[in-house]
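Novice: Input: one structure, supplied below.
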Amino acid sequence: MATERRFRVWRGDAKGGDFHDYTVPVEEGEVVLDVMHRLQAQQANDLAVRWNCKAGKCGSCSAEVNGHPTLMCMTRMSDFPPDDVVTVSPIRTFPVIRDLVTDVSFNYEVAKRIVPFQPRPMTEEEKEAGSYLLAQEDIDRLQEFRKCIECFLCQNVCHVIRDHEENKRNFAGPRFFIRNAELEMHPLDTADRRDQLQDEFGLGYCNITKCCTEVCPEGIHITDNGIIPLKERVVDKRYDPIAWLGRKIGFAKDQRRL
Amino acid sequence: MADIESHDYDVIVIGAGGAGLSAVVQSAAAGANTAVICKSLLGKAHTVMAEGGIAAALGNVYPEDNWKVHFRDTMRGGKMLNNWRMAQIHAQEAPERVLELETMGALFDRTRDGRVLQRDFGGHQYARLAHVGDRTGLEMIRTLQQNAVAKGVDVFMEHCVIDLLKDGEHVAGALGYRKETGQFVVWRAKAVVLATGGIGKIYKVTSNSWEYTGDGHSLALRAGADIIDMEFVQLHPTGMIWPPSVRGILVTEGVRGERGVLRNSEGRRFMFDYIPEYFAGDYADSEEEADKWYTQRTETGARRPPELLPRDEVARAIAAEVEAGRGSPHGGVFLDIASRRTPEEIKRALPSMYHQFKELAGVDITKEPMEVGPTCHYVMGGVRTEPDTTESSVPGLFAAGEVAGGMHGANRLGGNSLSDLLVFGHRAGRYAAEHALGLERAPHIDDAEVERLTALAVEPFERDEGENPFELHAELQDTMQDNVGLIRNEEDMKKGLEKIKELQERARRVRVIGNRQYNPGWSEALDLRNLLTAAEMVALSALARRESRGAHTRRDYPETDNEHFGKVNHVLRLKDGEIQLNEEPLPQMPEELRQLFEEKR
Ligand code: SF4
Ligand code: SF4
Ligand code: FES
């Protein structure tokens, strides 16, 4: 029951490239990544595509389909009218390595600069139990951020770096704001990352356009639940250090109220 | 060799899944200069797909649980073919490793008194799996990844290893290439840890990602290591089967742990018809008893529902139902949780399953049953290691995780993989570092060998015509699926072996177009050698084991033969370029452990 469908796929490397036209048979239920694989196996053995899980769990296959940033493995062909030409191109904010594969090392460089998790010591009660004692609510609150599959689609759409290459030096991007939010709200963590967020990671550049939230395949409320609370904490620190301390300790107290 | 980029380390770890990253963290902590090499970006390894949890006898939900019970479950699940010492170390150390992950920043779901919550899984007597929703693997990978980064280890992302290098008998490092540029890289190292995962891509229907091409298994074999138990390939009973493009993608056993049941086209919970003699006393014989087990097992003494039998049993039962004409429309069976839990409970306990079916199959699992069938998931066989240190028969070469053999015997229990990665990854890192730091001189790299290997690697570009590597891979997958699949027999396997030989011949004439820069055709051509070696190892071992045991089922030898095959491992080694198979006696456990099985009876 395969139907022939038309595609325009960007082919090229750092030096440049252009769109190539292909006609590829598509079977029922397939996603864009399936089609790229068939194209690779049958017509273009050297077509560069990054992927791993094919189930929306690893965040490798980010690309722009009809100009829309998305995971290729979660974009179903049935979403497009059968006669339309489907355009597939690499995500735009990061330099192309080849075809649909981009150089996302920027993100791994930012990750290195994040202040690592620093757990508080165990309480006497915990030592006896041989384990940290935590409340499920504290775990639940952080789940949202920890679902992140590092597809970097949010990084790709954030105008602060999408339109201004020079900002990359001073801006961590939404993925790493929520990583920091997660550490800040971690029931065991004790480090203070607020100066770094403001001074090195450019939290202030974010003007809450929410483009990152809209594109996140995991449905993480990056802005509302991550960035805005972080901004509040940074403000707290500058004007009311006691309030921040209260929040950190608040978490510690929460988990004793089990 | 002057033009080849080269690096010097104490320890290199090949693979950045749960085992590899555990090894990296420990090796770096021990003071060894450590690097990790991985085929994908960091944090994308197959471990992220693991959903159910980490098996560890913490005893948080059932205080009766302890390492001895876990050990016994593991050995019984593996049909007693496990390396007893590995199974013992694993059961003893898993709890410590889980708690250690929390000190690194991981978070697990909690019990009401604030401890790590544990969930039920197939083959485990007590609720034992530490988990966080159904994305435990992701939690584990991120935590270890962030720790490795914080320790400042060098990460070679998107680098593939072509072969291990040796200095005499001792391992000396590895040769590989950087995908981005196609350039060759040599890593000289005093110790090498293999943590490359499995071989799933030799099959057509598989839950495994493209990385699972048997690299470690084949690298180790070529380097002279012993490989054991390759006939034991686990089919996970529940993979997606519809639409065709998602066939094989995993449906977590957690669905059954959370009370999901299997039904055939007549609506019958057929697993009650498939409780084998071996497990008879442990499983419920009515739906009523089975349903009591989930919440009132302590009070009522109810036995476990048969949906939670070990994976090999469930996979065979599903195949039998389909063969008997009682399958679902697309050739599987139904997995039903919709009628058993409220939509809220389902979404809470199994969020990624909900998402996966909704997005990929258009099925709402809170309203309709899922269609599922067996999918190739895990290889129990692998590099033979010394259990305590994880060192292989090649000095300086260590192996941990799926690439190592012995731990799981003839069949792995769900949840025992993540714990295996943590326990043996940790040990591999520690002992590899100790080995490296104790070595007097750095091994020597043989330049001529490097030149020979690189010349071989670029040959496919020089051909004007030749075989398409993707096509050869697809043919191999069909061959293995049809001839060395779930139910095996001699005739089919011989046919399979012949075809593998033919494909090996054709693989010598494979052709790659384009240049070396991020060229998947070239990667496929280089992986092909490993895929074919892994397939040959599976077929050879399976053919020689003339009995049925665990994941290895023979139509022509349906009985389990404890007298002979219950006492031997199949050991593979390379001799004059040919794979040789030997039967070697299974290590025997000491009396005090043996008694654990006597008591049970
Ligand atoms: S909300 Fe902030 S971080 Fe997100 S896309 Fe807009 S500017 Fe970027
Ligand atoms: S926050 Fe969402 S969009 Fe950003 S990297 Fe994570 S999963 Fe992707
Ligand atoms: S391949 Fe893993 S998210 Fe698409």
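Residue numbering restarts at 1 for every chain of the structure tokens, chains are lettered A, B, ... in their displayed order, and ligands are numbered from 1 as they appear.
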Could you list, as a list in words, all protein and nucleic acid residues with an atom at most 8 Å from ligand 3, counting only C-alpha atoms and all ligand atoms?
Specialist: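 Protein and nucleic-acid residues within 8 Å of ligand 3: Leu33, Arg50, Trp51, Asn52, Cys53, Lys54, Ala55, Gly56, Lys57, Cys58, Gly59, Ser60, Cys61, Ser62, Leu71, Met72, Cys73, Met74, Ile149 and Cys151 of chain A; Lys44 of chain B.
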Novice: Please identify every polymer residue within 10 Å of ligand 1, using only C-alpha atoms and all ligand atoms, and present the set as a ChimeraX atom specification.
Specialist: /A:153-162,171-178,202-215,221-224,226-228
Novice: Taking only C-alpha atoms into account and nothing else, which residues of chain B lie no more than 8 Å away from chain A? Please answer as an NGL selection string.
Specialist: :B and (40-41 or 43-46 or 48-49 or 99 or 102-105 or 107-115 or 135 or 138-139 or 146-147 or 149-150 or 180 or 208-211 or 243-246 or 249 or 356 or 359-361 or 470-471 or 512-514 or 517-522)
Novice: May I have the residues within 6 Å of segment 370-383 of chain B as an mmCIF file with N, CA and C atoms, in the first residue's frame, using only C-alpha atoms and disregarding those fewer than 3 positions away in the same chain?
Specialist:
data_model
loop_
_atom_site.group_PDB
_atom_site.id
_atom_site.type_symbol
_atom_site.label_atom_id
_atom_site.label_comp_id
_atom_site.auth_asym_id
_atom_site.auth_seq_id
_atom_site.Cartn_x
_atom_site.Cartn_y
_atom_site.Cartn_z
ATOM 1 N N VAL B 205 13.019 -7.495 13.750
ATOM 2 C CA VAL B 205 12.120 -6.910 14.736
ATOM 3 C C VAL B 205 12.896 -6.777 16.042
ATOM 4 N N THR B 206 13.217 -5.569 16.398
ATOM 5 C CA THR B 206 14.076 -5.363 17.563
ATOM 6 C C THR B 206 13.728 -4.059 18.251
ATOM 7 N N SER B 207 13.963 -4.041 19.542
ATOM 8 C CA SER B 207 13.741 -2.807 20.294
ATOM 9 C C SER B 207 15.026 -1.976 20.320
ATOM 10 N N ILE B 227 34.172 -15.623 24.324
ATOM 11 C CA ILE B 227 32.781 -15.150 24.315
ATOM 12 C C ILE B 227 31.905 -16.341 24.698
ATOM 13 N N ILE B 228 30.961 -16.135 25.613
ATOM 14 C CA ILE B 228 30.134 -17.273 26.052
ATOM 15 C C ILE B 228 28.645 -17.044 25.832
ATOM 16 N N ASP B 229 27.914 -18.159 25.797
ATOM 17 C CA ASP B 229 26.437 -18.176 25.865
ATOM 18 C C ASP B 229 25.720 -17.389 24.774
ATOM 19 N N MET B 230 26.276 -17.321 23.581
ATOM 20 C CA MET B 230 25.662 -16.459 22.571
ATOM 21 C C MET B 230 24.325 -16.987 22.019
ATOM 22 N N PHE B 232 21.791 -17.394 23.709
ATOM 23 C CA PHE B 232 20.694 -16.850 24.514
ATOM 24 C C PHE B 232 20.417 -15.390 24.173
ATOM 25 N N VAL B 233 19.422 -15.205 23.328
ATOM 26 C CA VAL B 233 19.006 -13.872 22.898
ATOM 27 C C VAL B 233 17.578 -13.680 23.391
ATOM 28 N N GLN B 234 17.369 -12.660 24.181
ATOM 29 C CA GLN B 234 16.045 -12.485 24.766
ATOM 30 C C GLN B 234 15.100 -11.734 23.845
ATOM 31 N N LEU B 235 13.934 -12.344 23.636
ATOM 32 C CA LEU B 235 12.868 -11.605 22.979
ATOM 33 C C LEU B 235 11.984 -11.035 24.070
ATOM 34 N N HIS B 236 11.835 -9.755 24.063
ATOM 35 C CA HIS B 236 10.929 -9.147 25.019
ATOM 36 C C HIS B 236 9.520 -9.465 24.545
ATOM 37 N N PRO B 237 8.659 -9.949 25.451
ATOM 38 C CA PRO B 237 7.350 -10.384 24.971
ATOM 39 C C PRO B 237 6.503 -9.249 24.405
ATOM 40 N N THR B 238 6.713 -8.037 24.900
ATOM 41 C CA THR B 238 5.818 -6.980 24.453
ATOM 42 C C THR B 238 6.551 -5.872 23.723
ATOM 43 N N GLY B 239 6.531 -5.973 22.389
ATOM 44 C CA GLY B 239 6.962 -4.879 21.534
ATOM 45 C C GLY B 239 5.731 -4.380 20.793
ATOM 46 N N MET B 240 5.794 -3.151 20.301
ATOM 47 C CA MET B 240 4.675 -2.667 19.478
ATOM 48 C C MET B 240 4.687 -3.466 18.176
ATOM 49 N N ILE B 241 3.496 -3.671 17.575
ATOM 50 C CA ILE B 241 3.499 -4.361 16.287
ATOM 51 C C ILE B 241 2.792 -3.584 15.196
ATOM 52 N N GLY B 248 8.422 -3.483 16.923
ATOM 53 C CA GLY B 248 9.623 -3.778 17.692
ATOM 54 C C GLY B 248 9.866 -2.808 18.838
ATOM 55 N N ALA B 315 7.000 -14.687 26.180
ATOM 56 C CA ALA B 315 7.211 -14.550 24.726
ATOM 57 C C ALA B 315 6.751 -15.816 23.998
ATOM 58 N N GLY B 332 -0.364 -10.158 16.830
ATOM 59 C CA GLY B 332 0.170 -10.176 18.185
ATOM 60 C C GLY B 332 -0.936 -10.593 19.137
ATOM 61 N N VAL B 333 -0.895 -10.096 20.356
ATOM 62 C CA VAL B 333 -1.989 -10.303 21.300
ATOM 63 C C VAL B 333 -2.310 -8.941 21.927
ATOM 64 N N PHE B 334 -3.325 -8.920 22.789
ATOM 65 C CA PHE B 334 -3.712 -7.651 23.400
ATOM 66 C C PHE B 334 -3.113 -7.492 24.787
ATOM 67 N N LEU B 335 -2.625 -6.316 25.043
ATOM 68 C CA LEU B 335 -2.147 -5.970 26.383
ATOM 69 C C LEU B 335 -3.103 -4.901 26.895
ATOM 70 N N VAL B 403 27.377 -6.293 27.039
ATOM 71 C CA VAL B 403 28.444 -6.933 26.247
ATOM 72 C C VAL B 403 29.129 -8.063 27.026
ATOM 73 N N ALA B 404 28.987 -8.075 28.331
ATOM 74 C CA ALA B 404 29.582 -9.149 29.134
ATOM 75 C C ALA B 404 28.595 -10.312 29.225
ATOM 76 N N GLY B 405 29.113 -11.515 29.316
ATOM 77 C CA GLY B 405 28.243 -12.685 29.389
ATOM 78 C C GLY B 405 28.271 -13.325 30.769
ATOM 79 N N HIS B 408 23.423 -13.330 33.377
ATOM 80 C CA HIS B 408 21.987 -13.610 33.280
ATOM 81 C C HIS B 408 21.664 -15.025 32.815
#
Novice: Please identify the helix (DSSP H, G or I) residues within segment 270-501 of chain B (assignment by DSSP from backbone atoms) and present them as a VMD selection string.
Specialist: chain B and resid 270 to 274 277 to 282 287 to 300 306 to 308 311 to 323 343 to 349 351 to 361 401 to 403 416 to 438 447 to 462 469 to 483 490 to 501
Novice: Emit the selected residues as a compact mmCIF listing (two decimals), in the first residue's frame, including C-alpha atoms.
Specialist:
# COMPACT_ATOMS: atom_id res chain seq x y z
CA PHE B 270 -4.29 -16.93 28.31
CA MET B 271 -1.19 -16.81 30.49
CA PHE B 272 -2.93 -19.10 32.98
CA ASP B 273 -2.60 -21.83 30.34
CA TYR B 274 1.18 -21.45 30.10
CA GLU B 277 6.05 -27.09 35.68
CA TYR B 278 9.25 -25.38 36.80
CA PHE B 279 7.39 -22.39 38.26
CA ALA B 280 4.09 -24.11 39.08
CA GLY B 281 3.81 -23.46 42.82
CA ASP B 282 4.69 -19.77 42.51
CA GLU B 287 -7.87 -14.64 37.91
CA GLU B 288 -9.30 -14.02 41.33
CA GLU B 289 -6.15 -15.15 43.11
CA ALA B 290 -3.94 -13.26 40.68
CA ASP B 291 -5.84 -10.03 41.22
CA LYS B 292 -5.56 -10.32 44.97
CA TRP B 293 -1.81 -10.55 44.67
CA TYR B 294 -1.33 -6.94 43.59
CA THR B 295 -2.56 -5.43 46.84
CA GLN B 296 -3.27 -8.17 49.36
CA ARG B 297 -0.58 -10.75 48.85
CA THR B 298 0.68 -10.64 52.41
CA GLU B 299 -2.76 -11.07 53.97
CA THR B 300 -4.17 -13.64 51.56
CA PRO B 306 1.20 -15.48 35.36
CA GLU B 307 1.58 -12.34 33.24
CA LEU B 308 4.62 -11.79 35.43
CA ARG B 311 10.14 -13.01 29.75
CA ASP B 312 11.05 -16.18 27.86
CA GLU B 313 7.88 -17.91 29.08
CA VAL B 314 5.64 -14.98 28.18
CA ALA B 315 7.21 -14.55 24.73
CA ARG B 316 6.69 -18.23 23.90
CA ALA B 317 3.10 -18.13 25.14
CA ILE B 318 2.31 -15.17 22.90
CA ALA B 319 3.87 -16.92 19.90
CA ALA B 320 1.83 -20.04 20.64
CA GLU B 321 -1.44 -18.08 20.85
CA VAL B 322 -0.75 -16.38 17.55
CA GLU B 323 0.13 -19.69 15.95
CA PRO B 343 -7.03 6.89 33.14
CA GLU B 344 -5.38 9.07 35.79
CA GLU B 345 -3.51 6.15 37.30
CA ILE B 346 -2.32 5.00 33.90
CA LYS B 347 -1.07 8.41 32.89
CA ARG B 348 0.71 8.81 36.18
CA ALA B 349 2.42 5.45 36.33
CA PRO B 351 3.41 8.52 31.12
CA SER B 352 5.81 7.67 28.32
CA MET B 353 3.83 4.59 27.28
CA TYR B 354 0.74 6.74 27.08
CA HIS B 355 2.61 9.26 24.95
CA GLN B 356 4.27 6.61 22.75
CA PHE B 357 1.02 4.88 21.78
CA LYS B 358 -0.85 8.13 21.34
CA GLU B 359 1.79 9.67 19.08
CA LEU B 360 3.03 6.66 17.15
CA ALA B 361 0.01 4.40 16.86
CA GLY B 401 26.90 -4.51 30.97
CA GLU B 402 25.19 -6.23 28.08
CA VAL B 403 28.44 -6.93 26.25
CA ASN B 416 18.28 -6.87 36.28
CA SER B 417 19.86 -5.02 33.39
CA LEU B 418 20.02 -1.53 34.87
CA SER B 419 21.35 -2.99 38.11
CA ASP B 420 23.90 -5.06 36.16
CA LEU B 421 25.10 -1.88 34.40
CA LEU B 422 25.57 -0.10 37.70
CA VAL B 423 27.20 -2.94 39.61
CA PHE B 424 29.59 -4.18 36.96
CA GLY B 425 30.14 -0.79 35.34
CA HIS B 426 31.30 0.42 38.73
CA ARG B 427 33.61 -2.56 39.20
CA ALA B 428 34.97 -2.30 35.67
CA GLY B 429 35.90 1.33 36.21
CA ARG B 430 37.53 0.62 39.52
CA TYR B 431 39.52 -2.42 38.42
CA ALA B 432 40.48 -0.99 35.04
CA ALA B 433 41.89 2.07 36.82
CA GLU B 434 43.72 -0.13 39.29
CA HIS B 435 45.16 -2.21 36.48
CA ALA B 436 46.23 0.83 34.48
CA LEU B 437 47.82 2.63 37.42
CA GLY B 438 49.70 -0.52 38.35
CA ASP B 447 52.07 1.28 13.54
CA ALA B 448 52.07 -1.36 10.84
CA GLU B 449 48.91 -2.87 12.28
CA VAL B 450 47.24 0.54 12.37
CA GLU B 451 48.18 1.10 8.75
CA ARG B 452 46.82 -2.28 7.73
CA LEU B 453 43.52 -1.64 9.50
CA THR B 454 43.02 1.87 8.14
CA ALA B 455 43.77 0.70 4.60
CA LEU B 456 41.16 -2.02 5.01
CA ALA B 457 38.64 0.45 6.35
CA VAL B 458 38.79 2.76 3.34
CA GLU B 459 38.71 0.00 0.71
CA PRO B 460 34.94 0.28 0.17
CA PHE B 461 35.45 3.78 -1.27
CA GLU B 462 37.85 2.49 -3.89
CA PRO B 469 25.81 -2.20 2.77
CA PHE B 470 22.23 -1.36 3.76
CA GLU B 471 20.93 -4.16 1.57
CA LEU B 472 23.31 -6.72 3.06
CA HIS B 473 22.26 -5.66 6.54
CA ALA B 474 18.58 -6.05 5.63
CA GLU B 475 19.26 -9.53 4.24
CA LEU B 476 21.05 -10.50 7.43
CA GLN B 477 18.11 -9.29 9.50
CA ASP B 478 15.68 -11.37 7.46
CA THR B 479 17.94 -14.40 7.76
CA MET B 480 18.23 -14.19 11.52
CA GLN B 481 14.56 -13.42 12.00
CA ASP B 482 13.48 -16.42 9.92
CA ASN B 483 16.15 -18.96 10.81
CA GLU B 490 18.58 -27.56 13.15
CA GLU B 491 17.60 -27.33 9.52
CA ASP B 492 16.72 -23.63 9.66
CA MET B 493 19.82 -22.74 11.62
CA LYS B 494 22.06 -24.54 9.14
CA LYS B 495 20.41 -22.60 6.38
CA GLY B 496 20.95 -19.43 8.38
CA LEU B 497 24.62 -20.17 8.88
CA GLU B 498 25.12 -20.79 5.18
CA LYS B 499 23.48 -17.48 4.38
CA ILE B 500 25.68 -15.71 6.94
CA LYS B 501 28.75 -17.16 5.23
Novice: Based on DSSP run over this structure's backbone, return all residues of segment 312-494 of chain B in strand (DSSP E or B), as a ChimeraX atom specification.
Specialist: /B:333-336,370-379,382-383,391,397-399,404,467,487-488
Novice: Rounded to one decimal, what separation in Å do you get between atom CA of Gly409 of chain B and atom CA of Val171 of chain B?
Specialist: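 Straight-line distance from atom CA of Gly409 of chain B to atom CA of Val171 of chain B works out to 27.2 Å.
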Novice: Find the residue from B:Lys68, B:Arg142, B:Ala148, B:Ala400 that sits nearest to ligand 2; use only C-alpha atoms and all ligand atoms when measuring.
Specialist: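 Nearest to ligand 2: B:Arg142.
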Novice: Work out how far atom CA of Asn569 of chain B is from atom CA of Pro310 of chain B, in Å to one decimal.
Specialist: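 Answer for the atom CA of Pro310 of chain B to atom CA of Asn569 of chain B separation: 21.1 Å.
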Novice: Find the residues around Ala534 of chain B up to 10 Å (only C-alpha atoms counted), leave out those fewer than 4 positions away in its own chain, and share them as a PyMOL selection string.
Specialist: chain B and resi 198-202+213-218+221+230+382+528-530+538-540
Novice: Take the residues just selected and output them with N, CA and C atoms as a PDB file, in the first residue's frame.
Specialist:
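Contents of the output file part.pdb:
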ATOM      1  N   GLY B 198      24.589  -4.395  23.083  1.00  0.00           N
ATOM      2  CA  GLY B 198      24.260  -5.694  22.501  1.00  0.00           C
ATOM      3  C   GLY B 198      24.324  -5.799  20.995  1.00  0.00           C
ATOM      4  N   ILE B 199      23.512  -6.695  20.484  1.00  0.00           N
ATOM      5  CA  ILE B 199      23.605  -7.138  19.091  1.00  0.00           C
ATOM      6  C   ILE B 199      22.258  -7.071  18.380  1.00  0.00           C
ATOM      7  N   GLY B 200      21.289  -6.383  18.982  1.00  0.00           N
ATOM      8  CA  GLY B 200      19.891  -6.452  18.503  1.00  0.00           C
ATOM      9  C   GLY B 200      19.697  -6.185  17.031  1.00  0.00           C
ATOM     10  N   LYS B 201      20.607  -5.442  16.420  1.00  0.00           N
ATOM     11  CA  LYS B 201      20.407  -5.079  15.021  1.00  0.00           C
ATOM     12  C   LYS B 201      20.700  -6.213  14.048  1.00  0.00           C
ATOM     13  N   ILE B 202      21.018  -7.406  14.569  1.00  0.00           N
ATOM     14  CA  ILE B 202      21.100  -8.541  13.649  1.00  0.00           C
ATOM     15  C   ILE B 202      19.697  -9.061  13.340  1.00  0.00           C
ATOM     16  N   THR B 213      25.130  -3.056  17.154  1.00  0.00           N
ATOM     17  CA  THR B 213      25.624  -3.858  16.043  1.00  0.00           C
ATOM     18  C   THR B 213      26.663  -4.887  16.488  1.00  0.00           C
ATOM     19  N   GLY B 214      26.665  -5.224  17.766  1.00  0.00           N
ATOM     20  CA  GLY B 214      27.573  -6.278  18.226  1.00  0.00           C
ATOM     21  C   GLY B 214      29.040  -5.877  18.199  1.00  0.00           C
ATOM     22  N   ASP B 215      29.305  -4.593  18.282  1.00  0.00           N
ATOM     23  CA  ASP B 215      30.694  -4.127  18.178  1.00  0.00           C
ATOM     24  C   ASP B 215      31.589  -4.744  19.242  1.00  0.00           C
ATOM     25  N   GLY B 216      31.192  -4.612  20.486  1.00  0.00           N
ATOM     26  CA  GLY B 216      32.039  -5.085  21.575  1.00  0.00           C
ATOM     27  C   GLY B 216      32.251  -6.581  21.507  1.00  0.00           C
ATOM     28  N   HIS B 217      31.166  -7.304  21.201  1.00  0.00           N
ATOM     29  CA  HIS B 217      31.270  -8.755  21.100  1.00  0.00           C
ATOM     30  C   HIS B 217      32.317  -9.133  20.045  1.00  0.00           C
ATOM     31  N   SER B 218      32.274  -8.434  18.924  1.00  0.00           N
ATOM     32  CA  SER B 218      33.172  -8.794  17.825  1.00  0.00           C
ATOM     33  C   SER B 218      34.588  -8.254  18.038  1.00  0.00           C
ATOM     34  N   LEU B 221      36.190 -10.624  20.443  1.00  0.00           N
ATOM     35  CA  LEU B 221      36.530 -11.901  19.802  1.00  0.00           C
ATOM     36  C   LEU B 221      37.799 -11.747  18.968  1.00  0.00           C
ATOM     37  N   MET B 230      26.276 -17.321  23.581  1.00  0.00           N
ATOM     38  CA  MET B 230      25.662 -16.459  22.571  1.00  0.00           C
ATOM     39  C   MET B 230      24.325 -16.987  22.019  1.00  0.00           C
ATOM     40  N   GLY B 382      27.971 -13.015  25.957  1.00  0.00           N
ATOM     41  CA  GLY B 382      28.929 -11.934  25.762  1.00  0.00           C
ATOM     42  C   GLY B 382      30.318 -12.318  26.209  1.00  0.00           C
ATOM     43  N   LEU B 528      28.987  -3.692   9.453  1.00  0.00           N
ATOM     44  CA  LEU B 528      28.560  -4.951   8.859  1.00  0.00           C
ATOM     45  C   LEU B 528      29.423  -6.130   9.309  1.00  0.00           C
ATOM     46  N   ARG B 529      30.703  -5.875   9.392  1.00  0.00           N
ATOM     47  CA  ARG B 529      31.616  -6.937   9.817  1.00  0.00           C
ATOM     48  C   ARG B 529      31.251  -7.420  11.224  1.00  0.00           C
ATOM     49  N   ASN B 530      30.964  -6.484  12.112  1.00  0.00           N
ATOM     50  CA  ASN B 530      30.607  -6.855  13.480  1.00  0.00           C
ATOM     51  C   ASN B 530      29.249  -7.544  13.538  1.00  0.00           C
ATOM     52  N   VAL B 538      25.873 -16.254  17.330  1.00  0.00           N
ATOM     53  CA  VAL B 538      24.562 -16.681  17.827  1.00  0.00           C
ATOM     54  C   VAL B 538      24.161 -18.002  17.159  1.00  0.00           C
ATOM     55  N   ALA B 539      24.282 -18.046  15.848  1.00  0.00           N
ATOM     56  CA  ALA B 539      23.832 -19.236  15.120  1.00  0.00           C
ATOM     57  C   ALA B 539      24.653 -20.472  15.501  1.00  0.00           C
ATOM     58  N   LEU B 540      25.979 -20.309  15.592  1.00  0.00           N
ATOM     59  CA  LEU B 540      26.842 -21.441  15.947  1.00  0.00           C
ATOM     60  C   LEU B 540      26.491 -22.001  17.321  1.00  0.00           C
TER      61      LEU B 540
END
